[in-house]
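Written below as structure tokens is the structure these notes are about.
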Amino acid sequence: MILTTAGRAAPKLIQSAQQLSTKYQIPYIERNGRSIQRLKDDYKEDVMVVGKDKLSLSPLDEQMNLFFHPNLAMVRAKRLLRKDEDPFVKTAKLEKGMSVLDCTLGLASDSIIASLAVGSDGLVTGLEGSKAIYIMVNEGLQHFISTNERFNIAMRRIEVKHVQHLEYLQQQKPNAFDVVYFDPMFHETIDASNGLNLIRAKALEDDLTNLVLEEAKRVARSRVVLKDHWKSERFRYHGFTQYKRKNALFHYGVIELD
């Protein structure tokens, strides 16, 4: 992966790109009037582009760009702040002051909702194995500005780590988090979500193995929660109680540990 700026970049934007290059140890390449496709052709790498308002990723073999935007989380947050029910919060039984480990951060929608639910006295840690997604989401959570200040504060509270979830789980003490959460890549394709399909191309294949689950149950104080396609065999295979949601493409499953 290489990092560059949007076209006709001002000195301030170039400086920002160079700072990100140092922070994340990614080579900075001057644009010099070249198109993003030309950079991909020249360097045979994914290209991360620093723009004025956002950081985007142009994968080597894709025409679409991927960038952080918490659109679905914003919709869910408005409902949650109105005291409406959120299926994830309900299933995970999230309350103020709880700690949550999101082992499959992705674009952080569920982590943002968890952060709102557990509040300033709680803790949400998100793990992301893909470096490209980690950088994009980590920066997005820190700098994206919505019109809702509570939403912004909830994003800033999330601690993001670039690490494989099994490695991180093995480093934790027993009962380190109240809830451990998994949202692995769906085995079934959801054609309606182009964004999800693009993430699938970049995400690492960290499946929910028996070893991962045993570590999760050791680290979780109260419960392990799984979000997966409604036809997934993971629920039955790993012993999750599956909570079916009418007309929903995905369901939640829970292993209670109390």
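By order in the structure tokens, chains are A, B, ...; within a chain, residues start at 1; ligands start at 1, following the order shown.
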(message) as a ChimeraX atom specification, please: every residue in segment 80-256 of chain A that a backbone DSSP assignment puts in alpha helix (DSSP H).
(response) /A:80-81,87-92,109-118,131-143,149-157,165-171,194-202,210-219,234-238
(request) For Met155 of chain A, list every protein, DNA or RNA residue within 12 Å, evaluated using only C-alpha atoms, and leave out those in the same chain fewer than 3 positions away; present the list as number ranges by chain. (result) A: 69-70, 73-74, 77, 107-117, 119-120, 123-126, 137-146, 148-152, 158-160
(message) Can you measure atom CA of Ala17 of chain A to atom CA of Thr104 of chain A for me? One decimal in Å is fine.
(response)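 Atom CA of Thr104 of chain A lies 26.9 Å from atom CA of Ala17 of chain A.
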(message) Restricting the calculation to only C-alpha atoms: of A:Arg82, A:Lys40, A:Lys227, A:Arg157, which residue gets closest to Thr241 of chain A?
(response)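 Comparing A:Arg82, A:Lys40, A:Lys227, A:Arg157 against Thr241 of chain A, the winner is A:Lys227.
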(message) DSSP on the backbone: which residues in segment 24-248 of chain A end up as strand (DSSP E)? Give the answer as a PyMOL selection string.
(response) chain A and resi 47-50+55-58+66-67+99-102+123-128+159-162+177-182+220-229+241-243
(message) With only C-alpha atoms as the counted atoms, please give the residues lying no more than 12 Å from Ala132 of chain A, apart from itself and same-chain residues fewer than 6 positions off, as a list in words.
(response)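 Contacts, with the query itself left out: Met1, Ile2, Leu3, Tyr24, Gln25, Ile26, Glu45, Asp46, Val47, Met48, Val49, Leu55, Ser56, Leu57, Ser58, Pro59, Leu66, Phe67, Phe68, Gly106, Leu107, Asn138, Glu139, His162, Ile199, Ala201, Lys202, Ala203 and Leu204 of chain A.
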